[in-house]
Structures are given as C-alpha cells and as structure tokens.
>>> print(open('structure_35.txt').read())   # compact mmCIF, C-alpha atoms and all ligand atoms
# COMPACT_ATOMS: atom_id res chain seq x y z
CA MET A 101 135.14 80.97 67.40
CA ALA A 102 131.84 79.31 66.44
CA GLN A 103 129.18 79.23 69.15
CA ASP A 104 127.92 75.89 70.31
CA LYS A 105 124.14 76.26 70.02
CA ARG A 106 123.37 72.86 71.44
CA VAL A 107 124.63 73.63 74.91
CA ALA A 108 122.75 75.44 77.66
CA ILE A 109 124.00 76.55 81.04
CA TYR A 110 121.69 76.16 84.02
CA PRO A 111 123.09 78.32 86.84
CA GLY A 112 122.18 78.33 90.51
CA THR A 113 123.40 78.07 94.06
CA PHE A 114 122.05 74.51 94.42
CA ASP A 115 122.26 74.58 98.20
CA PRO A 116 121.13 71.87 97.78
CA LEU A 117 119.95 70.65 94.38
CA THR A 118 116.23 69.78 94.54
CA ASN A 119 113.99 67.71 92.33
CA GLY A 120 112.64 71.01 91.00
CA HIS A 121 116.08 71.85 89.63
CA ALA A 122 116.59 68.30 88.34
CA ASN A 123 113.28 68.50 86.49
CA ILE A 124 114.30 71.67 84.63
CA ILE A 125 117.75 70.23 83.83
CA ARG A 126 116.34 66.98 82.41
CA ARG A 127 113.69 68.80 80.41
CA GLY A 128 116.44 71.07 79.10
CA LEU A 129 118.05 67.98 77.61
CA ARG A 130 115.07 67.63 75.28
CA MET A 131 116.21 70.83 73.58
CA PHE A 132 119.96 70.75 74.09
CA ASP A 133 122.59 68.06 73.65
CA THR A 134 124.32 69.20 76.81
CA VAL A 135 123.14 71.03 79.89
CA ILE A 136 125.90 72.37 82.10
CA VAL A 137 124.81 72.74 85.70
CA ALA A 138 126.81 75.77 86.79
CA VAL A 139 127.20 75.99 90.54
CA ALA A 140 127.76 79.57 91.67
CA ALA A 141 130.52 80.39 94.11
CA ASP A 142 129.32 83.98 94.68
CA THR A 143 125.61 84.34 95.24
CA GLY A 144 125.31 86.65 98.24
CA LYS A 145 123.88 83.73 100.21
CA SER A 146 125.58 81.86 103.06
CA PRO A 147 125.30 78.31 101.81
CA LEU A 148 124.95 75.32 104.12
CA PHE A 149 127.03 73.20 101.74
CA SER A 150 130.45 74.34 100.54
CA LEU A 151 130.99 74.93 96.83
CA GLU A 152 132.84 71.60 96.59
CA GLU A 153 129.98 69.80 98.33
CA ARG A 154 127.34 71.39 96.09
CA VAL A 155 129.30 70.42 92.97
CA ALA A 156 129.93 66.88 94.26
CA MET A 157 126.23 66.40 95.10
CA ALA A 158 125.11 67.42 91.63
CA GLU A 159 127.85 65.33 89.97
CA LYS A 160 126.71 62.26 91.85
CA VAL A 161 123.03 62.86 91.02
CA PHE A 162 123.72 63.15 87.28
CA ALA A 163 126.63 60.69 87.11
CA LYS A 164 124.77 58.33 84.79
CA GLU A 165 123.32 61.04 82.52
CA PRO A 166 125.93 61.79 79.86
CA GLY A 167 124.27 64.97 78.57
CA ILE A 168 124.53 66.66 81.95
CA SER A 169 127.78 68.03 83.31
CA VAL A 170 128.45 70.01 86.45
CA GLU A 171 131.00 72.72 87.07
CA PRO A 172 131.56 75.57 89.49
CA PHE A 173 131.81 79.18 88.37
CA GLN A 174 132.92 82.40 89.94
CA GLY A 175 132.14 86.01 89.15
CA LEU A 176 129.61 87.28 86.63
CA LEU A 177 127.39 84.60 85.14
CA VAL A 178 127.42 86.06 81.63
CA GLU A 179 131.21 86.26 81.59
CA TYR A 180 131.43 82.61 82.52
CA VAL A 181 128.82 81.66 79.88
CA ALA A 182 130.74 83.62 77.24
CA ARG A 183 134.04 82.00 78.30
CA ARG A 184 132.42 78.60 77.78
CA ASN A 185 131.37 79.77 74.33
CA VAL A 186 127.70 79.05 75.14
CA HIS A 187 124.89 81.44 74.31
CA THR A 188 121.89 80.11 76.22
CA ILE A 189 121.15 80.40 79.93
CA LEU A 190 118.40 78.07 81.07
CA ARG A 191 116.17 79.14 83.98
CA GLY A 192 113.05 77.77 85.64
CA LEU A 193 110.00 79.84 86.55
CA ARG A 194 108.02 78.56 89.51
CA ALA A 195 105.46 81.23 90.18
CA VAL A 196 104.44 84.77 89.36
CA SER A 197 106.66 85.85 92.25
CA ASP A 198 109.71 84.54 90.36
CA PHE A 199 108.83 86.53 87.29
CA GLU A 200 109.86 90.02 88.37
CA TYR A 201 113.19 88.82 89.75
CA GLU A 202 113.94 86.68 86.71
CA PHE A 203 112.93 89.50 84.38
CA GLN A 204 115.36 91.84 86.12
CA ILE A 205 118.26 89.37 86.01
CA ALA A 206 117.59 88.35 82.41
CA LEU A 207 117.49 91.99 81.27
CA MET A 208 120.65 92.85 83.18
CA ASN A 209 122.42 89.83 81.73
CA ARG A 210 121.25 90.83 78.28
CA LYS A 211 122.50 94.37 78.77
CA LEU A 212 125.89 92.97 79.77
CA ARG A 213 126.02 90.41 76.95
CA PRO A 214 123.37 90.90 74.23
CA ASP A 215 124.62 87.77 72.45
CA ILE A 216 123.48 85.53 75.33
CA GLU A 217 119.80 84.56 75.58
CA THR A 218 117.89 83.42 78.66
CA LEU A 219 115.41 80.64 78.09
CA PHE A 220 112.70 79.95 80.69
CA LEU A 221 110.94 76.68 81.39
CA ILE A 222 107.83 76.68 83.54
CA SER A 223 108.34 74.46 86.57
CA ASP A 224 106.40 71.28 86.83
CA TYR A 225 103.48 71.93 89.18
CA ARG A 226 104.84 69.31 91.62
CA TRP A 227 107.80 71.55 92.43
CA LEU A 228 106.12 74.94 92.41
CA TYR A 229 106.29 75.30 96.15
CA ILE A 230 109.80 74.11 96.90
CA SER A 231 113.02 76.01 97.22
CA SER A 232 116.38 74.98 98.59
CA THR A 233 115.69 77.06 101.71
CA ILE A 234 112.35 75.45 102.51
CA VAL A 235 113.89 71.99 102.01
CA LYS A 236 116.75 72.87 104.39
CA THR A 237 114.39 74.31 106.98
CA VAL A 238 112.18 71.23 106.99
CA ALA A 239 115.18 68.85 107.01
CA SER A 240 116.88 70.76 109.84
CA LEU A 241 113.79 70.23 111.97
CA GLY A 242 113.64 66.52 111.22
CA GLY A 243 110.90 66.71 108.59
CA ASP A 244 111.03 64.19 105.80
CA VAL A 245 112.12 65.71 102.51
CA ARG A 246 112.33 62.44 100.60
CA GLY A 247 110.78 62.85 97.17
CA LEU A 248 111.59 66.57 97.14
CA VAL A 249 115.30 66.08 96.61
CA PRO A 250 117.28 63.34 94.86
CA ASP A 251 118.06 60.40 97.18
CA HIS A 252 121.74 61.29 97.34
CA VAL A 253 120.90 64.86 98.41
CA PHE A 254 118.56 63.46 101.04
CA ALA A 255 121.49 61.41 102.41
CA CYS A 256 123.73 64.52 102.43
CA LEU A 257 121.09 66.53 104.31
CA ARG A 258 120.78 63.70 106.76
CA ASP A 259 124.56 63.71 107.30
CA LYS A 260 124.52 67.49 107.85
CA TYR A 261 121.62 67.64 110.24
CA GLY A 262 121.52 64.15 111.67
CA PHE A 263 117.72 64.58 111.73
CA PRO A 264 117.66 64.97 115.51
CA HIS A 265 113.89 65.05 115.80
CA GLY A 266 113.14 61.77 114.06
CA GLU A 267 111.32 61.48 110.79
CA VAL A 268 107.72 61.74 109.75
CA GLU A 269 106.24 59.30 107.27
CA PRO A 270 106.65 60.56 103.70
CA VAL A 271 103.50 61.72 102.00
CA PRO A 272 103.14 60.32 98.47
CA LEU A 273 103.19 63.01 95.83
CA PRO A 274 100.10 63.38 93.68
CA PRO A 275 100.42 61.84 90.22
CA VAL A 276 100.97 64.12 87.24
CA PRO A 277 97.52 64.72 85.74
CA ASP A 278 96.81 63.48 82.27
CA LEU A 279 96.63 66.50 79.93
CA ALA A 280 93.66 65.05 77.99
CA GLU A 281 91.82 64.58 81.28
CA LEU A 282 92.64 68.14 82.36
CA SER A 283 91.29 69.62 79.13
CA ARG A 284 88.16 67.45 79.40
CA LEU A 285 87.60 68.77 82.94
CA ALA A 286 88.15 72.35 81.73
CA GLU A 287 85.57 71.82 78.98
CA LEU A 288 83.06 70.39 81.47
CA GLU A 289 83.66 73.33 83.81
CA ALA A 290 83.19 75.84 80.97
CA ALA A 291 79.98 74.09 79.88
CA ALA A 292 78.65 74.11 83.45
CA LYS A 293 79.39 77.84 83.73
CA GLU A 294 77.62 78.52 80.46
CA ASP A 295 74.59 76.52 81.63
CA SER A 296 74.40 78.35 84.94
CA GLY A 297 74.57 81.69 83.06
CA LYS A 298 71.48 80.81 80.97
N1 LIG A 301 112.66 74.21 91.46
C1 LIG A 301 112.83 74.36 92.77
N2 LIG A 301 113.47 75.42 93.32
C2 LIG A 301 113.96 76.33 92.48
C3 LIG A 301 113.82 76.24 91.10
C4 LIG A 301 113.14 75.11 90.59
N3 LIG A 301 112.95 74.94 89.29
N4 LIG A 301 114.39 77.31 90.54
C5 LIG A 301 114.88 78.04 91.53
N5 LIG A 301 114.63 77.45 92.71
C6 LIG A 301 114.98 77.94 94.05
C7 LIG A 301 116.44 77.91 94.32
O1 LIG A 301 116.82 76.70 94.95
C8 LIG A 301 116.62 79.06 95.23
O2 LIG A 301 116.28 78.68 96.54
P1 LIG A 301 116.90 79.47 97.78
O3 LIG A 301 116.68 80.94 97.56
O4 LIG A 301 116.13 78.93 98.89
O5 LIG A 301 118.35 79.11 97.78
C9 LIG A 301 115.57 80.06 94.79
O6 LIG A 301 114.63 79.30 94.09
C10 LIG A 301 116.12 81.13 93.92
O7 LIG A 301 116.69 80.49 92.80
P2 LIG A 301 117.67 81.21 91.85
O8 LIG A 301 117.16 82.49 91.38
O9 LIG A 301 118.08 80.22 90.81
O10 LIG A 301 118.84 81.60 92.77
P3 LIG A 301 120.10 80.90 92.97
O11 LIG A 301 120.64 81.47 94.20
O12 LIG A 301 119.97 79.44 92.95
O13 LIG A 301 120.99 81.33 91.69
C11 LIG A 301 122.35 82.84 90.37
C12 LIG A 301 121.20 82.69 91.35
C13 LIG A 301 123.53 81.99 90.77
C14 LIG A 301 121.91 82.38 89.00
C15 LIG A 301 122.73 84.31 90.34
O14 LIG A 301 122.96 84.73 91.68
C16 LIG A 301 123.98 84.58 89.55
O15 LIG A 301 123.95 84.60 88.34
N6 LIG A 301 125.11 84.80 90.24
C17 LIG A 301 126.38 85.06 89.62
C18 LIG A 301 126.76 86.53 89.77
C19 LIG A 301 126.04 87.37 88.74
O16 LIG A 301 126.25 87.27 87.55
N7 LIG A 301 125.18 88.26 89.23
C20 LIG A 301 124.44 89.17 88.39
C21 LIG A 301 123.16 88.59 87.87
S1 LIG A 301 122.26 89.88 87.01
>>> encode(input="structure_35.txt", output="structure tokens")
Amino acid sequence: MAQDKRVAIYPGTFDPLTNGHANIIRRGLRMFDTVIVAVAADTGKSPLFSLEERVAMAEKVFAKEPGISVEPFQGLLVEYVARRNVHTILRGLRAVSDFEYEFQIALMNRKLRPDIETLFLISDYRWLYISSTIVKTVASLGGDVRGLVPDHVFACLRDKYGFPHGEVEPVPLPPVPDLAELSRLAELEAAAKEDSGK
C-alpha cells in the first residue's frame, strides 16, 4: 500500500491540550495536509480527564480546522502510526530538558519501525514553560490559566475543579517579537561587545 506522505501524527496524552500543543499542531499544517492528533490511552500517567474527555476536548478545539483530526490510540505508538499508513510522527521540543527524553523515544521508535520518521518543531517561546501538569496544578488552586489553554479547555478545567479559590486577573502575554527587530538587537549587542573589547 502506498504511504501517505502528507499526513503527520502528533501523539500525546493531552491531559489537557494546551496552547503549546495547539501551536505545534497548527504549524504542522504548514508542512502536511493533515495532522492527526493521536490521544494516547496508555501513557503510564494517571490522567485527570478520561480518554473520551481528552478526545472530545481536542475535537471541539479543532472542529473548524479541516486539516486537523483527532483520534484515540492504544498500545505502541509506532504500530498505530504504521496501521494508519503514515510515516511521520510530529513532536515539539520545548527546552534542552526535553531533548534527551525525545531523543530516546525517537531512537526507540526508529528501532521498532525504521520506516517511520520523527520530525521535531521547536516550541514557540511563549509556550516553553508550560506543560499539562503545570496548567492543571495552577487551575486546581484557582489560578487563571486563560491564554495558556484553548477557551474550551479552560471551561473544562473550570468544570473539573470549580475554581474554589476564585480567580486572579489574567496577565497579558508578551507579543511575539519581530524577527527583524531581534536580529537588529543582536547586531547592536555584538557591536557593543566588540567596542568594549577594544
Ligand atoms: N507545549 C506545551 N506542553 C507540551 C508540549 C508543547 N509543545 N509538548 C509536550 N508538552 C507537555 C505535555 O503536555 C506533557 O505534560 P505532562 O507531563 O505534564 O502531562 C509533557 O510535556 C510531556 O509531553 P510528551 O512527551 O508529549 O508526553 P505525553 O505524555 O503527552 O505523550 C506519548 C507521550 C503518548 C507520545 C508516549 O507516551 C507514547 O508514545 N505512548 C504510547 C506507548 C508507546 O509507544 N511507548 C513507547 C515509546 S518509545
């Protein structure tokens, strides 16, 4: 059977889906016609949301984005990817600390199925510090996680926890810096360093 090269599978526990995940998924769509968000049943974690809830949350978030589909999977990731006749696994890298873990998983997956590649996207700097766990911890204590998760996920967290401690005012996220401005600042910094070295 011919492989469908224009499809990537983005796996995770998504307990819950965060804006960090959504960012990788939407950027994945620039390279692939379809990104399948694969929600893992077996992850060794004890999820707050059931598998059905995690799938339903992601489905609702991407309901109006035709290139993105959501499905649950069980068992080995590479076996599921092969069954779907896909050969690319999409992953996000947030920090150096992710690297070792991702390296290990990608190599193991490659050993199991050399025909399946893992493609990494560097996380947007706005989401470098978030994980599903930190979002849940903050939400469970009544902290405001708006802007860190899609609105629908925020509503689901609110239903789960009831936000017993009230809410704090959301802090606006910093704007994404302009790349031209960043490189201009880097040049200025380099020039200043050179001057001070003279
Ligand atoms: N933005 C924000 N957060 C991110 C992120 C991003 N771009 N990418 C990852 N994260 C978070 C996740 O939410 C997760 O948070 P948590 O630990 O608080 O739940 C954490 O970073 C780790 O993410 P990840 O490595 O993607 O773990 P995961 O639990 O979401 O998914 C599977 C891991 C499902 C891909 C993996 O367990 C798997 O493949 N399981 C199937 C069984 C299998 O094949 N095992 C063998 C693999 S070699």
>>> atom_distance(input="structure_35.txt", atom1="atom CA of Trp227 of chain A", atom2="atom C2 of ligand LIG 301 (chain A)")
7.8 Å
>>> closest_residue(input="structure_35.txt", among="A:Arg258, A:Leu129, A:Glu217, A:Arg194", to="Val235 of chain A", atoms="all atoms listed in the file")
A:Arg258
>>> closest_atom_pairs(input="structure_35.txt", of="chain A", to="ligand LIG 301 (chain A)", cutoff="7 Å", atoms="all atoms listed in the file", output="Markdown table")
| residue | atom | partner | partner_atom | distance |
| --- | --- | --- | --- | --- |
| A:Pro111 | CA | A:LIG301 | C14 | 4.7 |
| A:Gly112 | CA | A:LIG301 | O13 | 3.4 |
| A:Thr113 | CA | A:LIG301 | O12 | 3.9 |
| A:Phe114 | CA | A:LIG301 | O12 | 5.5 |
| A:Asp115 | CA | A:LIG301 | O5 | 6.0 |
| A:Leu117 | CA | A:LIG301 | O1 | 6.8 |
| A:Thr118 | CA | A:LIG301 | C1 | 6.0 |
| A:Asn119 | CA | A:LIG301 | N1 | 6.7 |
| A:Gly120 | CA | A:LIG301 | N1 | 3.2 |
| A:His121 | CA | A:LIG301 | N3 | 4.4 |
| A:Ile124 | CA | A:LIG301 | N3 | 5.9 |
| A:Ala140 | CA | A:LIG301 | C13 | 5.0 |
| A:Asp142 | CA | A:LIG301 | C17 | 6.0 |
| A:Thr143 | CA | A:LIG301 | O14 | 4.5 |
| A:Gly175 | CA | A:LIG301 | C18 | 5.4 |
| A:Leu176 | CA | A:LIG301 | O16 | 3.5 |
| A:Leu177 | CA | A:LIG301 | O16 | 3.8 |
| A:Val178 | CA | A:LIG301 | O16 | 6.2 |
| A:Gly192 | CA | A:LIG301 | N3 | 4.6 |
| A:Leu193 | CA | A:LIG301 | N3 | 6.3 |
| A:Arg194 | CA | A:LIG301 | N3 | 6.1 |
| A:Ile205 | CA | A:LIG301 | S1 | 4.2 |
| A:Ala206 | CA | A:LIG301 | S1 | 6.7 |
| A:Met208 | CA | A:LIG301 | S1 | 5.1 |
| A:Asn209 | CA | A:LIG301 | S1 | 5.3 |
| A:Ser223 | CA | A:LIG301 | N3 | 5.4 |
| A:Trp227 | CA | A:LIG301 | N1 | 5.6 |
| A:Leu228 | CA | A:LIG301 | N1 | 6.6 |
| A:Ile230 | CA | A:LIG301 | C1 | 5.1 |
| A:Ser231 | CA | A:LIG301 | N2 | 4.0 |
| A:Ser232 | CA | A:LIG301 | O4 | 4.0 |
| A:Thr233 | CA | A:LIG301 | O4 | 3.4 |
| A:Ile234 | CA | A:LIG301 | O4 | 6.3 |
>>> residues_around(input="structure_35.txt", residues="Val161 of chain A", least_positions_apart="2", cutoff="8 Å", atoms="only C-alpha atoms", output="PDB file with C-alpha atoms, in the frame of the given file")
ATOM      1  CA  MET A 157     126.230  66.400  95.100  1.00  0.00           C
ATOM      2  CA  ALA A 158     125.110  67.420  91.630  1.00  0.00           C
ATOM      3  CA  GLU A 159     127.850  65.330  89.970  1.00  0.00           C
ATOM      4  CA  ALA A 163     126.630  60.690  87.110  1.00  0.00           C
ATOM      5  CA  LYS A 164     124.770  58.330  84.790  1.00  0.00           C
ATOM      6  CA  PRO A 250     117.280  63.340  94.860  1.00  0.00           C
ATOM      7  CA  HIS A 252     121.740  61.290  97.340  1.00  0.00           C
ATOM      8  CA  VAL A 253     120.900  64.860  98.410  1.00  0.00           C
TER       9      VAL A 253
END
>>> residues_around(input="structure_35.txt", residues="Pro166 of chain A", least_positions_apart="4", cutoff="10 Å", atoms="all atoms listed in the file", output="short mmCIF file (atom, residue, chain, number, x, y, z; two decimals) with C-alpha atoms, keeping the file's coordinate frame")
data_model
loop_
_atom_site.label_atom_id
_atom_site.label_comp_id
_atom_site.auth_asym_id
_atom_site.auth_seq_id
_atom_site.Cartn_x
_atom_site.Cartn_y
_atom_site.Cartn_z
CA ASP A 133 122.59 68.06 73.65
CA THR A 134 124.32 69.20 76.81
CA VAL A 135 123.14 71.03 79.89
CA PHE A 162 123.72 63.15 87.28
#
>>> atom_distance(input="structure_35.txt", atom1="atom CA of Gly262 of chain A", atom2="atom CA of Val238 of chain A")
12.6 Å
>>> atom_distance(input="structure_35.txt", atom1="atom CA of Ser150 of chain A", atom2="atom CA of Ala138 of chain A")
14.3 Å
>>> build_atoms(input="structure_35.txt", residues="segment 127-138 of chain A", atoms="all heavy atoms", output="short mmCIF file (atom, residue, chain, number, x, y, z; two decimals), in the coordinates of the input")
data_model
loop_
_atom_site.label_atom_id
_atom_site.label_comp_id
_atom_site.auth_asym_id
_atom_site.auth_seq_id
_atom_site.Cartn_x
_atom_site.Cartn_y
_atom_site.Cartn_z
N ARG A 127 114.53 68.32 81.52
CA ARG A 127 113.69 68.80 80.41
C ARG A 127 114.53 69.62 79.44
O ARG A 127 114.28 69.62 78.22
CB ARG A 127 112.51 69.60 80.96
CG ARG A 127 111.43 68.66 81.52
CD ARG A 127 110.42 69.40 82.38
NE ARG A 127 109.82 70.50 81.70
CZ ARG A 127 109.35 71.60 82.34
NH1 ARG A 127 109.43 71.70 83.66
NH2 ARG A 127 108.79 72.57 81.67
N GLY A 128 115.53 70.30 79.96
CA GLY A 128 116.44 71.07 79.10
C GLY A 128 117.12 70.17 78.09
O GLY A 128 117.38 70.57 76.95
N LEU A 129 117.37 68.94 78.50
CA LEU A 129 118.05 67.98 77.61
C LEU A 129 117.20 67.60 76.40
O LEU A 129 117.69 67.01 75.46
CB LEU A 129 118.40 66.71 78.38
CG LEU A 129 119.76 66.64 79.04
CD1 LEU A 129 120.03 65.24 79.52
CD2 LEU A 129 120.87 67.10 78.10
N ARG A 130 115.90 67.90 76.46
CA ARG A 130 115.07 67.63 75.28
C ARG A 130 115.37 68.64 74.16
O ARG A 130 115.05 68.42 73.01
CB ARG A 130 113.58 67.72 75.63
CG ARG A 130 113.15 66.63 76.58
CD ARG A 130 111.69 66.80 76.88
NE ARG A 130 111.31 65.96 77.99
CZ ARG A 130 110.22 66.15 78.73
NH1 ARG A 130 109.41 67.15 78.48
NH2 ARG A 130 109.94 65.34 79.71
N MET A 131 115.92 69.78 74.57
CA MET A 131 116.21 70.83 73.58
C MET A 131 117.69 70.99 73.28
O MET A 131 118.06 71.53 72.26
CB MET A 131 115.68 72.17 74.09
CG MET A 131 114.19 72.25 74.13
SD MET A 131 113.68 73.75 74.97
CE MET A 131 114.01 73.31 76.63
N PHE A 132 118.52 70.57 74.24
CA PHE A 132 119.96 70.75 74.09
C PHE A 132 120.67 69.41 74.21
O PHE A 132 120.22 68.53 74.93
CB PHE A 132 120.48 71.72 75.17
CG PHE A 132 119.87 73.10 75.06
CD1 PHE A 132 118.73 73.43 75.76
CD2 PHE A 132 120.43 74.04 74.21
CE1 PHE A 132 118.15 74.68 75.63
CE2 PHE A 132 119.86 75.30 74.09
CZ PHE A 132 118.72 75.62 74.80
N ASP A 133 121.81 69.30 73.53
CA ASP A 133 122.59 68.06 73.65
C ASP A 133 123.26 67.98 75.01
O ASP A 133 123.45 66.91 75.56
CB ASP A 133 123.69 68.01 72.57
CG ASP A 133 123.07 67.98 71.18
OD1 ASP A 133 121.98 67.40 71.05
OD2 ASP A 133 123.66 68.57 70.25
N THR A 134 123.63 69.15 75.51
CA THR A 134 124.32 69.20 76.81
C THR A 134 123.73 70.31 77.67
O THR A 134 123.48 71.41 77.18
CB THR A 134 125.83 69.52 76.60
OG1 THR A 134 126.37 68.53 75.72
CG2 THR A 134 126.60 69.52 77.90
N VAL A 135 123.50 69.99 78.92
CA VAL A 135 123.14 71.03 79.89
C VAL A 135 124.26 71.06 80.93
O VAL A 135 124.57 70.03 81.54
CB VAL A 135 121.77 70.76 80.56
CG1 VAL A 135 121.50 71.79 81.66
CG2 VAL A 135 120.64 70.80 79.52
N ILE A 136 124.86 72.22 81.08
CA ILE A 136 125.90 72.37 82.10
C ILE A 136 125.26 72.97 83.34
O ILE A 136 124.68 74.07 83.29
CB ILE A 136 127.05 73.29 81.62
CG1 ILE A 136 127.68 72.73 80.33
CG2 ILE A 136 128.10 73.46 82.71
CD1 ILE A 136 128.71 73.67 79.68
N VAL A 137 125.32 72.24 84.42
CA VAL A 137 124.81 72.74 85.70
C VAL A 137 125.93 73.56 86.30
O VAL A 137 126.99 73.01 86.67
CB VAL A 137 124.42 71.56 86.63
CG1 VAL A 137 123.90 72.08 87.96
CG2 VAL A 137 123.40 70.65 85.95
N ALA A 138 125.74 74.88 86.34
CA ALA A 138 126.81 75.77 86.79
C ALA A 138 126.54 76.20 88.23
O ALA A 138 125.56 76.90 88.51
CB ALA A 138 126.89 76.98 85.86
#
